[in-house]
Structure formats: structure tokens, C-alpha cells
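Listing of start-v3.cif, mmCIF, C-alpha atoms and all ligand atoms
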data_data
loop_
_atom_site.label_atom_id
_atom_site.label_comp_id
_atom_site.auth_asym_id
_atom_site.auth_seq_id
_atom_site.Cartn_x
_atom_site.Cartn_y
_atom_site.Cartn_z
CA MET G 1 0.00 0.00 0.00
CA ALA G 2 1.27 3.48 -0.83
CA TYR G 3 1.05 6.01 2.00
CA GLY G 4 -0.20 9.45 0.99
CA ILE G 5 1.87 12.24 2.47
CA GLY G 6 0.76 15.83 3.04
CA VAL G 7 3.29 18.54 3.91
CA ILE G 8 2.17 21.73 5.68
CA GLY G 9 4.88 24.37 5.26
CA ALA G 10 7.29 24.32 2.34
CA GLY G 11 10.04 26.41 3.94
CA THR G 12 13.52 25.09 4.57
CA VAL G 13 12.64 21.74 6.17
CA GLY G 14 9.31 21.24 4.38
CA GLY G 15 10.98 22.01 1.04
CA GLY G 16 13.66 19.44 1.89
CA VAL G 17 11.03 16.80 2.67
CA VAL G 18 9.26 17.46 -0.62
CA GLU G 19 12.56 17.17 -2.51
CA ILE G 20 13.48 13.90 -0.79
CA LEU G 21 10.06 12.37 -1.41
CA LEU G 22 10.14 13.36 -5.07
CA SER G 23 13.76 12.51 -5.84
CA ASN G 24 14.48 9.55 -3.52
CA ALA G 25 11.22 7.58 -3.66
CA GLY G 26 13.08 4.69 -5.31
CA VAL G 27 15.73 4.58 -2.56
CA ILE G 28 12.99 4.57 0.09
CA SER G 29 11.10 1.68 -1.48
CA ASP G 30 14.32 -0.32 -2.13
CA LYS G 31 15.59 0.06 1.43
CA ALA G 32 12.41 0.16 3.46
CA GLY G 33 9.95 -1.68 1.23
CA VAL G 34 7.33 1.05 1.54
CA GLU G 35 5.85 3.52 -0.93
CA LEU G 36 5.59 7.12 0.26
CA ALA G 37 3.58 9.16 -2.24
CA LEU G 38 3.60 12.93 -1.85
CA GLN G 39 -0.02 13.97 -2.38
CA HIS G 40 -0.49 17.50 -1.12
CA VAL G 41 1.61 20.51 -0.12
CA ALA G 42 0.09 23.49 1.71
CA GLU G 43 2.07 26.72 1.79
CA LEU G 44 1.00 30.36 1.96
CA ARG G 45 3.96 31.67 -0.06
CA GLU G 46 3.25 31.04 -3.74
CA ASP G 47 6.86 31.56 -4.81
CA LEU G 48 7.96 28.65 -2.61
CA LEU G 49 5.31 26.37 -4.11
CA LYS G 50 6.37 27.32 -7.65
CA ASP G 51 10.04 26.57 -6.93
CA LEU G 52 9.20 23.01 -5.86
CA GLY G 53 8.09 21.91 -9.35
CA LEU G 54 5.06 19.97 -8.12
CA ASN G 55 3.48 18.30 -11.14
CA ASP G 56 1.10 15.57 -9.99
CA VAL G 57 0.85 16.86 -6.44
CA THR G 58 -1.96 19.07 -5.11
CA ALA G 59 -0.60 22.45 -4.07
CA SER G 60 -2.74 24.78 -1.99
CA LYS G 61 -2.66 27.56 0.55
CA ASP G 62 -5.13 25.74 2.76
CA ALA G 63 -3.83 23.46 5.52
CA HIS G 64 -7.42 22.49 6.44
CA ALA G 65 -7.99 21.21 2.89
CA LEU G 66 -4.76 19.21 3.12
CA ILE G 67 -5.81 17.61 6.41
CA ALA G 68 -9.25 16.76 4.95
CA ASP G 69 -7.75 15.43 1.70
CA PRO G 70 -8.67 11.69 1.59
CA ALA G 71 -5.44 11.00 -0.33
CA VAL G 72 -3.38 12.10 2.70
CA ASN G 73 -2.71 9.45 5.39
CA ILE G 74 0.19 11.19 7.14
CA VAL G 75 0.40 14.94 7.78
CA CYS G 76 3.82 16.59 8.22
CA GLU G 77 3.62 19.81 10.25
CA LEU G 78 6.70 21.82 9.27
CA ILE G 79 5.74 25.42 9.89
CA GLY G 80 7.15 25.62 13.44
CA GLY G 81 6.01 27.87 16.31
CA ILE G 82 2.98 27.34 18.53
CA GLU G 83 0.00 28.57 16.47
CA PRO G 84 -1.35 27.66 14.01
CA ALA G 85 0.92 24.58 14.16
CA LYS G 86 -0.79 23.24 17.30
CA SER G 87 -4.29 23.62 15.88
CA PHE G 88 -3.27 21.93 12.62
CA ILE G 89 -1.74 18.98 14.48
CA LEU G 90 -4.80 18.55 16.72
CA GLU G 91 -7.10 18.81 13.70
CA ALA G 92 -5.11 16.13 11.87
CA LEU G 93 -4.97 13.78 14.88
CA ASN G 94 -8.69 14.22 15.48
CA ALA G 95 -9.29 13.46 11.79
CA GLY G 96 -7.55 10.11 12.32
CA LYS G 97 -4.35 11.07 10.45
CA HIS G 98 -0.84 10.27 11.62
CA VAL G 99 1.32 13.33 12.22
CA VAL G 100 5.05 13.91 11.88
CA THR G 101 6.53 17.14 13.23
CA ALA G 102 9.93 18.76 13.79
CA ASN G 103 8.43 21.28 16.20
CA LYS G 104 10.50 21.05 19.39
CA MET G 105 9.06 24.17 21.04
CA LEU G 106 5.49 22.98 20.54
CA LEU G 107 6.27 19.50 21.88
CA ALA G 108 8.14 20.90 24.89
CA LYS G 109 5.27 23.23 25.76
CA HIS G 110 2.21 21.21 24.74
CA GLY G 111 3.49 17.66 24.26
CA ARG G 112 1.16 16.27 26.89
CA GLU G 113 -2.00 17.57 25.22
CA LEU G 114 -0.82 16.44 21.77
CA CYS G 115 0.09 13.02 23.16
CA GLU G 116 -3.38 12.63 24.66
CA ALA G 117 -4.99 13.49 21.31
CA ALA G 118 -2.81 10.97 19.47
CA VAL G 119 -3.60 8.20 21.96
CA LYS G 120 -7.33 9.02 21.97
CA ASN G 121 -7.47 8.77 18.17
CA ASN G 122 -5.14 5.74 18.00
CA VAL G 123 -2.80 7.47 15.55
CA GLU G 124 0.90 8.23 15.59
CA LEU G 125 2.62 11.48 16.50
CA ARG G 126 6.30 11.25 15.63
CA TYR G 127 9.06 13.81 16.15
CA GLU G 128 12.51 12.40 15.35
CA ALA G 129 13.55 15.67 13.66
CA ALA G 130 12.69 17.73 16.73
CA VAL G 131 15.83 16.69 18.62
CA ALA G 132 19.33 16.70 17.12
CA GLY G 133 18.13 16.62 13.50
CA THR G 134 19.59 13.69 11.70
CA ILE G 135 20.77 11.80 14.83
CA PRO G 136 18.17 9.05 15.45
CA ILE G 137 18.09 9.68 19.19
CA ILE G 138 14.32 9.32 19.63
CA LYS G 139 14.32 5.93 17.91
CA THR G 140 17.40 4.92 19.90
CA LEU G 141 15.81 5.74 23.24
CA ARG G 142 12.42 4.21 22.34
CA GLU G 143 13.75 1.08 20.63
CA SER G 144 17.50 0.35 20.72
CA LEU G 145 17.91 1.19 24.42
CA ALA G 146 14.39 0.13 25.43
CA SER G 147 15.74 -2.52 27.84
CA ASN G 148 17.94 0.00 29.65
CA HIS G 149 17.56 2.32 32.60
CA ILE G 150 19.02 5.59 31.37
CA HIS G 151 21.36 6.93 34.04
CA ALA G 152 22.53 10.05 32.23
CA VAL G 153 22.29 11.95 28.97
CA TYR G 154 24.76 14.69 28.03
CA GLY G 155 23.75 16.44 24.81
CA ILE G 156 25.13 19.12 22.54
CA LEU G 157 21.74 19.88 21.00
CA ASN G 158 22.05 23.33 19.50
CA GLY G 159 24.14 23.80 16.38
CA THR G 160 24.18 27.59 16.61
CA CYS G 161 25.63 27.63 20.14
CA ASN G 162 28.15 24.92 19.37
CA TYR G 163 29.21 26.81 16.26
CA ILE G 164 29.68 30.05 18.23
CA LEU G 165 31.63 28.38 21.04
CA THR G 166 33.83 26.51 18.56
CA GLN G 167 34.60 29.63 16.57
CA MET G 168 35.42 31.56 19.78
CA SER G 169 37.77 28.81 20.86
CA VAL G 170 39.40 27.68 17.61
CA GLU G 171 39.35 30.85 15.49
CA GLY G 172 39.44 33.37 18.34
CA LEU G 173 36.28 35.11 17.05
CA GLU G 174 34.19 37.40 19.23
CA PHE G 175 30.71 36.18 20.20
CA ASP G 176 28.80 38.60 17.91
CA VAL G 177 30.89 37.81 14.84
CA ALA G 178 30.47 34.06 15.36
CA LEU G 179 26.70 34.50 15.84
CA LYS G 180 26.43 36.44 12.55
CA GLN G 181 28.25 33.64 10.76
CA ALA G 182 25.87 31.04 12.24
CA GLN G 183 22.91 33.13 11.06
CA MET G 184 24.38 33.39 7.56
CA LYS G 185 24.81 29.61 7.47
CA GLY G 186 21.09 29.29 8.16
CA PHE G 187 20.86 27.19 11.30
CA ALA G 188 20.06 29.92 13.84
CA GLU G 189 16.46 30.50 14.93
CA THR G 190 14.80 33.84 14.13
CA PRO G 191 15.41 35.69 16.43
CA PRO G 192 18.49 33.79 17.68
CA ASP G 193 17.66 34.39 21.36
CA LEU G 194 16.02 30.97 21.45
CA ASP G 195 19.43 29.50 20.62
CA ILE G 196 21.83 31.66 22.59
CA GLU G 197 19.68 31.97 25.73
CA GLY G 198 19.49 28.16 25.88
CA HIS G 199 15.73 27.78 25.32
CA ASP G 200 15.99 25.73 22.13
CA THR G 201 18.25 23.29 23.99
CA ALA G 202 15.79 23.29 26.91
CA HIS G 203 12.94 22.34 24.55
CA LYS G 204 14.96 19.37 23.33
CA CYS G 205 16.00 18.55 26.90
CA GLN G 206 12.32 18.45 27.94
CA ILE G 207 11.54 15.96 25.18
CA LEU G 208 14.51 13.70 25.98
CA ALA G 209 13.98 13.84 29.75
CA SER G 210 10.30 12.88 29.42
CA LEU G 211 11.18 10.06 27.04
CA CYS G 212 14.11 8.68 29.05
CA HIS G 213 12.18 8.47 32.30
CA SER G 214 8.60 7.89 31.09
CA THR G 215 7.50 10.90 33.06
CA TYR G 216 6.26 14.38 32.23
CA VAL G 217 9.02 16.90 32.93
CA PRO G 218 7.53 20.44 32.99
CA LEU G 219 9.55 22.80 30.80
CA ASP G 220 9.56 25.51 33.47
CA GLU G 221 11.25 23.15 35.93
CA ILE G 222 14.29 22.77 33.69
CA PHE G 223 17.17 25.02 34.77
CA VAL G 224 18.29 27.09 31.75
CA GLU G 225 21.31 29.31 31.28
CA GLY G 226 22.51 30.38 27.82
CA ILE G 227 25.90 31.30 26.43
CA THR G 228 25.55 35.09 26.16
CA LYS G 229 27.78 35.77 29.18
CA ILE G 230 30.63 33.58 27.93
CA THR G 231 33.60 35.77 27.12
CA HIS G 232 36.76 35.27 25.21
CA LEU G 233 38.64 35.17 28.53
CA ASP G 234 36.54 32.27 29.85
CA VAL G 235 37.10 30.30 26.64
CA GLN G 236 40.84 30.97 26.86
CA TYR G 237 41.22 30.19 30.59
CA ALA G 238 39.11 27.03 30.26
CA GLN G 239 41.42 25.92 27.47
CA GLU G 240 44.49 26.56 29.61
CA LEU G 241 42.94 24.35 32.29
CA GLY G 242 42.35 21.53 29.76
CA TYR G 243 38.64 22.12 29.08
CA ARG G 244 36.33 23.22 26.27
CA ILE G 245 33.13 25.16 26.98
CA LYS G 246 30.01 23.48 25.56
CA LEU G 247 26.33 24.26 25.99
CA LEU G 248 25.00 20.97 27.35
CA ALA G 249 21.60 19.55 28.13
CA ILE G 250 22.14 17.24 31.09
CA ILE G 251 19.56 14.71 32.22
CA ARG G 252 20.42 12.46 35.18
CA ARG G 253 18.60 10.26 37.60
CA VAL G 254 19.69 11.36 41.08
CA GLU G 255 18.22 10.05 44.35
CA GLY G 256 14.90 9.13 42.76
CA GLU G 257 14.50 12.48 40.99
CA VAL G 258 15.16 13.65 37.44
CA GLU G 259 17.84 16.29 37.07
CA ALA G 260 17.24 18.27 33.86
CA ARG G 261 19.41 21.29 33.20
CA VAL G 262 20.87 23.35 30.36
CA HIS G 263 23.96 25.51 30.80
CA PRO G 264 27.44 26.18 29.45
CA THR G 265 29.70 23.50 30.86
CA LEU G 266 33.45 22.93 31.11
CA VAL G 267 34.07 19.60 29.37
CA SER G 268 37.48 17.97 29.75
CA GLU G 269 39.31 17.89 26.42
CA GLN G 270 39.63 14.10 26.91
CA HIS G 271 35.82 13.68 26.78
CA PRO G 272 34.34 12.76 23.36
CA LEU G 273 31.91 15.71 23.56
CA ALA G 274 34.83 18.18 23.77
CA ASN G 275 35.75 17.53 20.15
CA VAL G 276 32.28 17.99 18.67
CA ARG G 277 32.79 21.10 16.59
CA ASN G 278 30.78 23.79 14.84
CA GLU G 279 27.13 23.05 14.05
CA PHE G 280 27.41 19.35 14.83
CA ASN G 281 25.33 17.84 17.62
CA ALA G 282 26.24 14.86 19.80
CA ILE G 283 24.59 12.92 22.58
CA TYR G 284 26.41 10.79 25.14
CA VAL G 285 24.13 8.31 26.91
CA GLU G 286 24.97 6.23 29.99
CA SER G 287 22.64 3.31 30.61
CA ASP G 288 22.71 0.23 32.81
CA MET G 289 22.92 -2.53 30.18
CA ALA G 290 24.42 -0.94 27.06
CA GLY G 291 26.89 1.20 29.04
CA ALA G 292 28.10 4.40 27.41
CA THR G 293 27.04 5.14 23.83
CA LEU G 294 27.69 8.19 21.68
CA TYR G 295 25.63 9.61 18.79
CA TYR G 296 26.93 12.29 16.43
CA GLY G 297 25.64 14.18 13.40
CA ARG G 298 24.17 17.34 12.00
CA GLY G 299 21.45 18.74 14.24
CA ALA G 300 20.23 21.43 11.90
CA GLY G 301 19.95 22.31 8.24
CA LYS G 302 17.56 21.53 5.41
CA TYR G 303 18.41 17.99 4.32
CA PRO G 304 19.60 16.53 7.66
CA THR G 305 16.34 17.62 9.32
CA ALA G 306 14.21 16.58 6.32
CA SER G 307 15.93 13.17 6.31
CA ALA G 308 14.83 12.70 9.95
CA VAL G 309 11.24 13.66 9.06
CA VAL G 310 11.21 11.07 6.26
CA SER G 311 12.58 8.42 8.67
CA ASP G 312 9.40 8.90 10.74
CA LEU G 313 7.24 8.52 7.62
CA VAL G 314 9.04 5.26 6.84
CA ASP G 315 8.47 3.98 10.39
CA ILE G 316 4.76 4.72 10.24
CA ALA G 317 4.42 3.04 6.85
CA GLN G 318 6.45 -0.01 7.93
CA ARG G 319 4.33 -0.49 11.05
CA GLY G 320 1.26 -0.61 8.83
CA ASN G 321 -1.74 -1.79 10.81
CA GLY G 322 0.31 -2.93 13.83
CA PRO G 323 -0.23 -1.53 17.35
CA VAL G 324 0.24 2.23 17.50
CA PRO G 325 2.98 3.34 19.94
CA PRO G 326 2.14 6.46 22.00
CA PRO G 327 4.42 9.47 21.44
CA PHE G 328 5.30 9.54 25.16
CA ARG G 329 4.49 7.20 28.02
CA TYR G 330 3.93 9.21 31.16
CA SER G 331 3.77 6.08 33.30
CA HIS G 332 5.67 7.53 36.26
CA SER G 333 5.39 10.67 38.29
CA ILE G 334 8.95 11.75 39.08
CA ALA G 335 9.96 15.08 40.63
CA THR G 336 12.39 17.38 38.85
CA ARG G 337 15.47 17.98 40.99
CA ASP G 338 16.17 21.50 42.22
CA ILE G 339 19.38 22.99 40.77
CA GLY G 340 20.42 24.10 44.29
CA LEU G 341 20.98 20.43 45.18
CA LEU G 342 23.48 19.91 42.38
CA ASP G 343 26.74 18.45 43.63
CA GLY G 344 29.60 19.24 41.27
CA ARG G 345 32.79 21.07 40.48
CA TYR G 346 32.82 24.73 39.42
CA TYR G 347 34.99 27.23 37.54
CA LEU G 348 34.94 30.74 39.00
CA ARG G 349 36.45 33.86 37.46
CA PHE G 350 36.70 36.90 39.71
CA THR G 351 37.39 40.37 38.35
CA THR G 352 39.01 42.26 41.21
CA GLU G 353 41.09 45.25 42.15
CA ASP G 354 44.71 44.17 42.34
CA HIS G 355 45.30 45.03 46.02
CA PRO G 356 46.93 43.18 48.91
CA GLY G 357 44.43 41.02 50.80
CA VAL G 358 41.84 40.62 48.00
CA LEU G 359 42.56 36.94 47.44
CA GLY G 360 42.46 36.31 51.19
CA ARG G 361 38.99 37.85 51.45
CA ILE G 362 37.63 35.77 48.57
CA CYS G 363 39.08 32.56 50.01
CA THR G 364 37.70 33.35 53.47
CA VAL G 365 34.15 33.64 52.09
CA LEU G 366 34.53 30.41 50.10
CA GLY G 367 35.82 28.60 53.19
CA LYS G 368 32.92 29.94 55.30
CA HIS G 369 30.46 28.34 52.85
CA GLY G 370 32.34 25.05 52.74
CA VAL G 371 33.62 25.55 49.18
CA SER G 372 36.98 23.82 48.79
CA ILE G 373 39.51 25.15 46.27
CA ALA G 374 41.15 22.64 43.91
CA SER G 375 43.35 25.06 41.95
CA LEU G 376 43.75 28.78 41.47
CA PHE G 377 45.67 31.19 39.26
CA GLN G 378 45.95 34.90 38.60
CA LYS G 379 47.34 36.24 35.34
CA GLU G 380 50.03 38.89 35.72
CA GLU G 381 48.47 42.10 34.36
CA ASP G 382 49.57 45.69 33.99
CA GLU G 383 49.28 47.16 37.51
CA HIS G 384 46.57 49.62 36.34
CA THR G 385 44.19 47.00 34.97
CA ASP G 386 41.78 44.77 36.85
CA ALA G 387 43.00 41.37 37.98
CA HIS G 388 41.40 38.11 36.89
CA VAL G 389 41.55 35.34 39.43
CA VAL G 390 40.46 31.94 38.12
CA LEU G 391 39.61 29.17 40.51
CA MET G 392 38.43 25.56 40.23
CA THR G 393 36.56 24.05 43.15
CA HIS G 394 36.36 20.52 44.47
CA GLU G 395 32.88 18.96 44.55
CA THR G 396 30.51 21.33 46.24
CA VAL G 397 26.77 21.91 46.54
CA GLU G 398 25.36 24.55 44.17
CA SER G 399 23.37 26.40 46.86
CA SER G 400 26.54 26.89 48.98
CA LEU G 401 28.56 27.95 45.96
CA MET G 402 25.92 30.52 44.93
CA ALA G 403 25.65 31.87 48.49
CA ALA G 404 29.44 32.36 48.50
CA LYS G 405 29.32 34.04 45.08
CA ALA G 406 26.64 36.50 46.25
CA GLU G 407 28.72 37.41 49.30
CA ILE G 408 31.90 37.81 47.25
CA ASP G 409 30.17 39.92 44.59
CA ALA G 410 29.08 42.33 47.35
CA LEU G 411 32.72 43.00 48.37
CA GLU G 412 33.89 46.47 47.29
CA CYS G 413 37.06 45.00 45.73
CA ILE G 414 35.00 42.98 43.21
CA ILE G 415 34.59 44.91 39.97
CA GLU G 416 32.07 42.81 38.03
CA PRO G 417 29.84 39.84 38.89
CA THR G 418 31.81 36.64 39.18
CA HIS G 419 31.58 34.26 36.24
CA VAL G 420 30.50 30.79 37.33
CA LEU G 421 30.60 27.75 35.09
CA ARG G 422 29.71 24.19 35.99
CA VAL G 423 32.14 21.38 35.19
CA LEU G 424 31.13 18.02 33.69
N1 LIG G 501 18.49 26.59 15.77
C1 LIG G 501 18.65 25.19 15.93
C2 LIG G 501 20.14 24.90 16.07
C3 LIG G 501 18.07 24.46 14.75
O1 LIG G 501 20.96 25.80 15.85
O2 LIG G 501 20.48 23.78 16.41
C4 LIG G 501 17.86 23.00 14.99
O3 LIG G 501 16.94 22.75 15.99
#
Hey, can you dump this file as C-alpha cells for me?
Ligand code: HSE
Amino acid sequence: MAYGIGVIGAGTVGGGVVEILLSNAGVISDKAGVELALQHVAELREDLLKDLGLNDVTASKDAHALIADPAVNIVCELIGGIEPAKSFILEALNAGKHVVTANKMLLAKHGRELCEAAVKNNVELRYEAAVAGTIPIIKTLRESLASNHIHAVYGILNGTCNYILTQMSVEGLEFDVALKQAQMKGFAETPPDLDIEGHDTAHKCQILASLCHSTYVPLDEIFVEGITKITHLDVQYAQELGYRIKLLAIIRRVEGEVEARVHPTLVSEQHPLANVRNEFNAIYVESDMAGATLYYGRGAGKYPTASAVVSDLVDIAQRGNGPVPPPFRYSHSIATRDIGLLDGRYYLRFTTEDHPGVLGRICTVLGKHGVSIASLFQKEEDEHTDAHVVLMTHETVESSLMAAKAEIDALECIIEPTHVLRVL
């Protein structure tokens, strides 16, 4: 049986899906043994529709008509954003159509409601392209690692941030220049705040955390810190200490709770994630039976993302009339761990006046809060410039560390708020 495919949104990813379905139909049927027939494309921008060269395919501006089209069995929602994407998906699910989406923000914010609609209508809602583009991490967690308890996931999930941090470290570029380059290459969100403030990574973290632990992890309980405060100095000092700075999504099971957090992290240069460069994504998973596994690939861009969308279409077609898997199984109710309870190592960079006794005062406050120093250095500067003191801690509890930071930042010898980075 041929499966009729409808694509809502013929922008970058939607256009890529259309191209793949039209040009690689033979490859799909050879490899997967299924026929995916593009039937209908809905797009408001006429110029985009014209460019696609759709001959025997219905082209319209009306997503409702596409959803109601009896030739369409599977609807791809590829317009992004919350509305009207959410309404289109619900309409399709309620019409008994399977849905494939790449919409990470929508899933992170409304995944529960969409999941309920899919289950109620006994149809599929698939979202491989929503997390790490071409890396099949959703399929891996749902199928390949299904027999495993997932202890930890460490993910580089945003190509824009990884590109910026790589360019700052390898090419010595300033943040703004690297961001402009990422925008020109076409993988940054519009506006890029979703990337650089960490929210895009948090959306993907929400999806992975819910999937790994079969629980609903509320997006607003995920700790999020972006990369906008990372300076050239931090990148350079981290490198001197043997680390790279990466924006990570970290999901761990700790004392019966789920830890889900997104922040720039010092990753030892020996760790496989340290060498994931530019727009590439990677996910390092620790599980009880399979042990450590690593997944790597392009997390953004037209064809990598479109390829992931088509992989979902293939899965739906191959399953045929078999039992329909729910998008998420919220079988457990597990609390999200408070960031204040985090037990880890930290990098601190103090900007101080270069006077006698300054270091002693900082160390006294750290000692008072039980923060133990592992190493410390100060760069020799011109006597008229501010001093930078860089310090690595031993394992310490986040709430104590932050209380010490607040007290230190209030000292008159401290010139700007202390930079704090967590260490993997
Ligand atoms: N803006 C995202 C990124 C696109 O840079 O990774 C893929 O989700």
C-alpha cells in the first residue's frame, strides 16, 4: 500500500522533505519496502510552491484542505512555532491522520496535550527531527535502548551555540561575529535568542527527559542558562585548564528524581563531547545494560532535518496496521530535581582590584560556605588594569557555591559579577 503524504509548510525543512520524497522515492522503497507518495503541499507563499516543481501533487494555501484530503494518510507539520501549528496537528490527529513534526518548542510546551490526542485517536505522533536533526536519538531511546535504565544523557543539542563556542575557541572570534556567521549559514532560529539563551536546547531537553524516564518533565522546571555571558577570557582560561566550553543539556537520575538542566559547561578535552565542533550535535548516553554510547551528526539544516522527518514517515508506513505506539508514556510521576541540590565542580572567574588582601577575602568567604579550592591562578596584568583570578573548586553543593558568590560579589574590591561555570 502506498502512504499518501501531506506537507504543511514548504520552507527550509518542508521544502527538503518534498525534494526527498520526489527525488528519492526509489531509494525509500528499495531500502524500506514502503511507498511514500507525496499527495499534497500546503504553503502560503506562492513563490515557494512554484520553486518546488510539483506536477502531480496538489498544491494549496489551505492546511485544512490538506488535512481533509482523503489521499493524505500522514500529515507533516513543518511550519514551526505554537500557532497555528498546534491547531493543525490537533485537527489532523482528530481526523484520524498520523502526524510527523519537527516542532521542538510545541512539543516541549504542549506535548502532553498532543500526546493525549494521538492516543485518543489511535494514531501516531512522531518527532525524530525535533531533537538533534539527523541523529536518530528518539528511535534509539524508544527502541535500541528500550531494555535499559538511562542513568545520564549529556547532549550538545544546539548547532548555533556549538558553532559560536567553537569559533570563539578555535578561530578566536568574538561572540557577535560568530553569531552572525551562524545566522548566515542558516541554522540559527529567528530571532536567535532561542538558541543563545538556551531555550531551544531546553525544549529538546524536555523531550529527551520525558522520554528517558517515562514521566512528564515540565519545561519551566528545567534550569536554563545560555551562552551570552561567555567571554573570550573564559574560553581561553578554560582551554588553559584543559577544558572546552560546551552548551550541554544534562539529564540524570539522582536520588529518585530527574535532574534536567541546560547551561554552558566545562568539558574535559579528553571527553568525546569536547571535540564535537561547529554546528554538529552529539549525545552521550549512559545506561545500565548498554553502558556508554555516543551519537553524532548534524542537528540542523535543510536535508539533515528533512531526512529525519522522512525516517518517521518510513516507520509509520512499515508499522502498517500494527499496534500504534504512544508518542510519550507518562507512566511515572517523578519530581524534577532543584538545581540548588546539584553536587559538582565549578569554575569561577573573579574580576578584582589588584590590592593586597583581596585573594584572602575571597578565600575566606569560600571557606565559610564550605567551598573547597582545587586550583587557582591569577594572570600577571599591567598594575593599572583589573585582575582576573580563576579558581576551580572541588565537589561542592550549588546552593553553597551561589551563596558564597553573592557574598563575594558584594565585596567592594570585586569589579564585576563573578563568572561561574559548571564542570562536567
Ligand atoms: N536553531 C537550531 C540549532 C536548529 O541551531 O540547532 C535545529 O533545531
4 Å per side around range 285-298 of chain G: axis-aligned box centre and edge lengths, as AutoDock Vina command-line options:
--center_x 25.4 --center_y 7.4 --center_z 22.4 --size_x 13.5 --size_y 27.9 --size_z 28.8
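Using all atoms listed in the file, residues with at least one atom at most 6 Å away from any atom of ligand LIG 501 (chain G) are G:Asn158, G:Gly159, G:Thr160, G:Phe187, G:Ala188, G:Glu189, G:Asp195, G:Gly299, G:Ala300.
Here CA of Ala146 in chain G and CA of Lys246 in chain G stand 28.1 Å from one another.
Across the structure, CA of Met392 in chain G and CA of Leu376 in chain G are spaced 6.3 Å apart.
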Q. What's the 10 Å shell around range 220-226 of chain G, counting only C-alpha atoms, without same-chain residues fewer than 2 positions away, as JSON, numbers by chain?
A. {"G": [108, 109, 161, 193, 194, 195, 196, 197, 198, 199, 200, 201, 202, 203, 205, 206, 209, 217, 218, 228, 229, 230, 247, 248, 249, 250, 251, 258, 259, 260, 261, 262, 263, 264, 335, 336, 337, 338, 339]}
Writing out the chosen residues with C-alpha atoms as a PDB file, in the coordinates of the input:
ATOM      1  CA  ALA G 108       8.140  20.900  24.890  1.00  0.00           C
ATOM      2  CA  LYS G 109       5.270  23.230  25.760  1.00  0.00           C
ATOM      3  CA  CYS G 161      25.630  27.630  20.140  1.00  0.00           C
ATOM      4  CA  ASP G 193      17.660  34.390  21.360  1.00  0.00           C
ATOM      5  CA  LEU G 194      16.020  30.970  21.450  1.00  0.00           C
ATOM      6  CA  ASP G 195      19.430  29.500  20.620  1.00  0.00           C
ATOM      7  CA  ILE G 196      21.830  31.660  22.590  1.00  0.00           C
ATOM      8  CA  GLU G 197      19.680  31.970  25.730  1.00  0.00           C
ATOM      9  CA  GLY G 198      19.490  28.160  25.880  1.00  0.00           C
ATOM     10  CA  HIS G 199      15.730  27.780  25.320  1.00  0.00           C
ATOM     11  CA  ASP G 200      15.990  25.730  22.130  1.00  0.00           C
ATOM     12  CA  THR G 201      18.250  23.290  23.990  1.00  0.00           C
ATOM     13  CA  ALA G 202      15.790  23.290  26.910  1.00  0.00           C
ATOM     14  CA  HIS G 203      12.940  22.340  24.550  1.00  0.00           C
ATOM     15  CA  CYS G 205      16.000  18.550  26.900  1.00  0.00           C
ATOM     16  CA  GLN G 206      12.320  18.450  27.940  1.00  0.00           C
ATOM     17  CA  ALA G 209      13.980  13.840  29.750  1.00  0.00           C
ATOM     18  CA  VAL G 217       9.020  16.900  32.930  1.00  0.00           C
ATOM     19  CA  PRO G 218       7.530  20.440  32.990  1.00  0.00           C
ATOM     20  CA  THR G 228      25.550  35.090  26.160  1.00  0.00           C
ATOM     21  CA  LYS G 229      27.780  35.770  29.180  1.00  0.00           C
ATOM     22  CA  ILE G 230      30.630  33.580  27.930  1.00  0.00           C
ATOM     23  CA  LEU G 247      26.330  24.260  25.990  1.00  0.00           C
ATOM     24  CA  LEU G 248      25.000  20.970  27.350  1.00  0.00           C
ATOM     25  CA  ALA G 249      21.600  19.550  28.130  1.00  0.00           C
ATOM     26  CA  ILE G 250      22.140  17.240  31.090  1.00  0.00           C
ATOM     27  CA  ILE G 251      19.560  14.710  32.220  1.00  0.00           C
ATOM     28  CA  VAL G 258      15.160  13.650  37.440  1.00  0.00           C
ATOM     29  CA  GLU G 259      17.840  16.290  37.070  1.00  0.00           C
ATOM     30  CA  ALA G 260      17.240  18.270  33.860  1.00  0.00           C
ATOM     31  CA  ARG G 261      19.410  21.290  33.200  1.00  0.00           C
ATOM     32  CA  VAL G 262      20.870  23.350  30.360  1.00  0.00           C
ATOM     33  CA  HIS G 263      23.960  25.510  30.800  1.00  0.00           C
ATOM     34  CA  PRO G 264      27.440  26.180  29.450  1.00  0.00           C
ATOM     35  CA  ALA G 335       9.960  15.080  40.630  1.00  0.00           C
ATOM     36  CA  THR G 336      12.390  17.380  38.850  1.00  0.00           C
ATOM     37  CA  ARG G 337      15.470  17.980  40.990  1.00  0.00           C
ATOM     38  CA  ASP G 338      16.170  21.500  42.220  1.00  0.00           C
ATOM     39  CA  ILE G 339      19.380  22.990  40.770  1.00  0.00           C
TER      40      ILE G 339
END
Q: Choose the residue, out of G:Leu179, G:Leu273, G:Ile137, G:Val314, that has the smallest atom-to-atom separation from Val100 in chain G; count only C-alpha atoms.
A: G:Val314
**Q.** Residue among G:Arg277, G:Ala92, G:Glu171, G:Asp47 lying closest to Val123 in chain G, counting all atoms listed in the file
**A.**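 Among the listed residues, the smallest separation from Val123 in chain G belongs to G:Ala92.
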Q: List every protein, DNA or RNA residue that has an atom no more than 12 Å from (33.0, 20.7, 19.8) in the file's coordinate frame, counting all atoms listed in the file, and report them as a PyMOL selection string.
A: chain G and resi 155-170+243-248+265-283+296-297
Q: Work out how far apart CA of Glu395 in chain G and CA of Arg253 in chain G are and give it in Å to one decimal.
A: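 A separation of 18.1 Å between them.
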